[in-house]
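This report refers to the structure that appears directly beneath it.
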Amino acid sequence: FRNTNGQLILLLYKTDDAFKDESLTEFYQKQIVEIDSKDSVLVSFENLRPGQYAIKIIHDENADGVMNRRFLKPKEGLGVSNFETISLTNRPNFQKAAFEVSEDKALKISLIYL
């Protein structure tokens, strides 16, 4: 994290249509987590059925519950499963971000500040 301001919004998705939703309201599960340190946060999604999922993480620095933007680019940190970089030519979508869950699984997702 670039700072410990605000909160993290973690969104778990099961469908492409929900993943595309910019309002952050069409998710399968959601967690809001306070940031204790600038290093990392450990979060668990419980009782998931086997299937494909994707995760978005937003560093909601002003705790307003939305992804603030500047000139169409995220102003706050954004992390997406299976993405180390995000750009106009490497935009996240459900197919690229999806991962298979059949048993307990650990993922490391880095936040990107554009």
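Convention: chains lettered A, B, ... in structure tokens order; per-chain residue numbering from 1; ligands numbered from 1 as shown.
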
Practice item. Report the residues of chain A whose backbone DSSP state falls under strand (DSSP E), written as number ranges by chain. Key: A: 7-13, 29-34, 51-60, 69-70, 73-74, 77-80, 99-101

Limited to N, CA and C atoms, could you put the picked residues into a file as a compact mmCIF listing (two decimals), in the first residue's frame?
```
# COMPACT_ATOMS: atom_id res chain seq x y z
N GLN A 7 -9.60 2.22 3.57
CA GLN A 7 -9.95 0.82 3.74
C GLN A 7 -9.70 0.07 2.44
N LEU A 8 -9.75 -1.25 2.54
CA LEU A 8 -9.70 -2.09 1.34
C LEU A 8 -11.10 -2.62 1.07
N ILE A 9 -11.51 -2.56 -0.18
CA ILE A 9 -12.76 -3.18 -0.60
C ILE A 9 -12.36 -4.39 -1.44
N LEU A 10 -12.76 -5.57 -0.99
CA LEU A 10 -12.45 -6.81 -1.70
C LEU A 10 -13.74 -7.36 -2.29
N LEU A 11 -13.74 -7.57 -3.58
CA LEU A 11 -14.93 -8.03 -4.29
C LEU A 11 -14.63 -9.34 -4.99
N LEU A 12 -15.46 -10.34 -4.71
CA LEU A 12 -15.33 -11.66 -5.34
C LEU A 12 -16.43 -11.80 -6.37
N TYR A 13 -16.05 -12.22 -7.57
CA TYR A 13 -16.99 -12.33 -8.69
C TYR A 13 -17.07 -13.76 -9.21
N GLN A 29 -19.41 -11.91 -3.39
CA GLN A 29 -19.15 -11.62 -1.98
C GLN A 29 -18.32 -10.35 -1.89
N LYS A 30 -18.47 -9.66 -0.76
CA LYS A 30 -17.74 -8.40 -0.55
C LYS A 30 -17.22 -8.37 0.88
N GLN A 31 -16.01 -7.87 1.03
CA GLN A 31 -15.45 -7.63 2.36
C GLN A 31 -14.82 -6.25 2.38
N ILE A 32 -14.96 -5.58 3.50
CA ILE A 32 -14.28 -4.30 3.71
C ILE A 32 -13.34 -4.49 4.90
N VAL A 33 -12.08 -4.14 4.68
CA VAL A 33 -11.04 -4.42 5.66
C VAL A 33 -10.26 -3.13 5.95
N GLU A 34 -10.03 -2.88 7.21
CA GLU A 34 -9.18 -1.75 7.61
C GLU A 34 -7.72 -2.12 7.33
N GLY A 51 -15.66 -23.83 -8.56
CA GLY A 51 -16.00 -23.05 -9.74
C GLY A 51 -14.96 -21.99 -10.03
N GLN A 52 -15.28 -21.13 -10.98
CA GLN A 52 -14.38 -20.04 -11.36
C GLN A 52 -14.78 -18.76 -10.65
N TYR A 53 -13.78 -18.05 -10.16
CA TYR A 53 -13.97 -16.79 -9.45
C TYR A 53 -12.90 -15.80 -9.91
N ALA A 54 -13.15 -14.52 -9.66
CA ALA A 54 -12.17 -13.47 -9.89
C ALA A 54 -12.30 -12.47 -8.75
N ILE A 55 -11.19 -11.80 -8.43
CA ILE A 55 -11.17 -10.85 -7.31
C ILE A 55 -10.69 -9.49 -7.78
N LYS A 56 -11.37 -8.45 -7.29
CA LYS A 56 -10.88 -7.07 -7.42
C LYS A 56 -10.66 -6.54 -6.00
N ILE A 57 -9.58 -5.80 -5.83
CA ILE A 57 -9.31 -5.14 -4.56
C ILE A 57 -9.12 -3.65 -4.85
N ILE A 58 -9.77 -2.83 -4.07
CA ILE A 58 -9.65 -1.39 -4.22
C ILE A 58 -9.13 -0.80 -2.91
N HIS A 59 -8.07 -0.02 -3.00
CA HIS A 59 -7.59 0.72 -1.83
C HIS A 59 -8.40 2.02 -1.80
N ASP A 60 -9.49 1.97 -1.09
CA ASP A 60 -10.42 3.10 -0.98
C ASP A 60 -9.84 4.10 0.03
N ARG A 69 -11.66 8.20 -9.76
CA ARG A 69 -10.90 8.22 -11.01
C ARG A 69 -10.43 9.63 -11.32
N ARG A 70 -9.39 9.67 -12.13
CA ARG A 70 -8.86 10.93 -12.65
C ARG A 70 -8.55 10.68 -14.12
N LYS A 73 -8.61 7.08 -15.43
CA LYS A 73 -7.71 6.14 -14.76
C LYS A 73 -8.04 6.10 -13.27
N PRO A 74 -7.88 4.93 -12.64
CA PRO A 74 -8.10 4.86 -11.20
C PRO A 74 -7.16 5.80 -10.45
N GLY A 77 -5.62 2.78 -5.46
CA GLY A 77 -5.00 1.51 -5.80
C GLY A 77 -6.02 0.47 -6.24
N LEU A 78 -5.62 -0.34 -7.20
CA LEU A 78 -6.48 -1.40 -7.74
C LEU A 78 -5.66 -2.67 -7.88
N GLY A 79 -6.21 -3.77 -7.42
CA GLY A 79 -5.60 -5.08 -7.60
C GLY A 79 -6.62 -6.03 -8.20
N VAL A 80 -6.16 -6.90 -9.09
CA VAL A 80 -7.05 -7.87 -9.74
C VAL A 80 -6.32 -9.21 -9.77
N PHE A 99 -9.87 -17.64 -11.69
CA PHE A 99 -9.08 -18.76 -11.18
C PHE A 99 -10.06 -19.83 -10.70
N GLU A 100 -9.61 -21.05 -10.70
CA GLU A 100 -10.46 -22.19 -10.35
C GLU A 100 -10.36 -22.47 -8.85
N VAL A 101 -11.50 -22.68 -8.21
CA VAL A 101 -11.54 -23.07 -6.81
C VAL A 101 -12.14 -24.46 -6.74
```

Review point. Near A:Phe83, within 8 Å and counting only C-alpha atoms, which residues show up once chain neighbours fewer than 5 positions away are dropped, as an NGL selection string?
Key: :A and (92 or 97 or 109)

Would you save the residues of that selection, restricted to C-alpha atoms, as a PDB file, in the first residue's frame?
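selection_36.pdb, written as the output of this step:
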```pdb
ATOM      1  CA  PRO A  92      -8.754  -6.697 -16.598  1.00  0.00           C
ATOM      2  CA  ALA A  97      -8.736 -12.677 -13.899  1.00  0.00           C
ATOM      3  CA  ILE A 109      -2.744  -9.889  -5.342  1.00  0.00           C
TER       4      ILE A 109
END
```

Point to revise | Nearest residue to A:Phe1 from the set A:Lys38, A:Lys96, A:Lys108, A:Arg49 (distances using only C-alpha atoms) | key: A:Lys38

How close does stretch 2-47 of chain A get to stretch 102-105 of chain A? List, as a Markdown table, each residue of stretch 2-47 of chain A within 12 Å, its nearest atom pair and the distance in Å to one decimal, counting only C-alpha atoms.
```
| residue | atom | partner | partner_atom | distance |
| --- | --- | --- | --- | --- |
| A:Val43 | CA | A:Lys105 | CA | 11.7 |
| A:Ser44 | CA | A:Lys105 | CA | 9.6 |
| A:Phe45 | CA | A:Asp104 | CA | 9.8 |
| A:Glu46 | CA | A:Asp104 | CA | 9.3 |
| A:Asn47 | CA | A:Asp104 | CA | 9.6 |
```

Check your understanding: Among stretch 65-106 of chain A, which ones does DSSP place in helix (DSSP H, G or I), written as a VMD selection string?
Key -> chain A and resid 94 to 97

Please write the residues from the selection above to a file, keeping C-alpha atoms, as a compact mmCIF listing (two decimals), in the first residue's frame.
```txt
# COMPACT_ATOMS: atom_id res chain seq x y z
CA PHE A 94 -13.23 -11.91 -16.00
CA GLN A 95 -11.67 -14.50 -18.32
CA LYS A 96 -8.13 -13.27 -17.61
CA ALA A 97 -8.74 -12.68 -13.90
```

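With distances restricted to only C-alpha atoms, A:Asn62 is the closest residue to A:Gly6 from A:Asn62, A:Ser37, A:Ser110, A:Thr25.
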
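Ranking A:Ile112, A:Val41, A:Lys20, A:Asn5 by their shortest atom-to-atom distance to A:Thr85, with only C-alpha atoms included, puts A:Ile112 first.
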
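Atom CA of A:Ser40 sits 25.8 Å away from atom CA of A:Glu26.
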
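Proximity ranking of A:Leu72, A:Met67, A:Ile35, A:Ala98 relative to A:Asp16 places A:Ala98 first, based on only C-alpha atoms.
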
Practice item. Write out as JSON, numbers by chain which residues come within 10 Å of A:Asp39 when counting only C-alpha atoms, dropping same-chain ones fewer than 6 positions away. Key: {"A": [1, 2, 3, 4]}

If you keep C-alpha atoms, can you produce a file of those selected residues as a short mmCIF file (atom, residue, chain, number, x, y, z; two decimals), in the first residue's frame?
```cif
data_model
loop_
_atom_site.label_atom_id
_atom_site.label_comp_id
_atom_site.auth_asym_id
_atom_site.auth_seq_id
_atom_site.Cartn_x
_atom_site.Cartn_y
_atom_site.Cartn_z
CA PHE A 1 0.00 0.00 0.00
CA ARG A 2 1.23 3.50 -0.56
CA ASN A 3 -0.34 4.54 2.76
CA THR A 4 -2.68 3.23 5.47
#
```

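The space between atom CA of A:Tyr28 and atom CA of A:Pro50 spans 13.6 Å.
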
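As for atom CA of A:Leu24 and atom CA of A:Leu42, they are spaced 21.2 Å apart.
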
Review point. Which one of A:Ser23, A:Ser81, A:Ser87, A:Val66 sits closest to A:Ala106 if you count only C-alpha atoms?
Key: A:Ser81
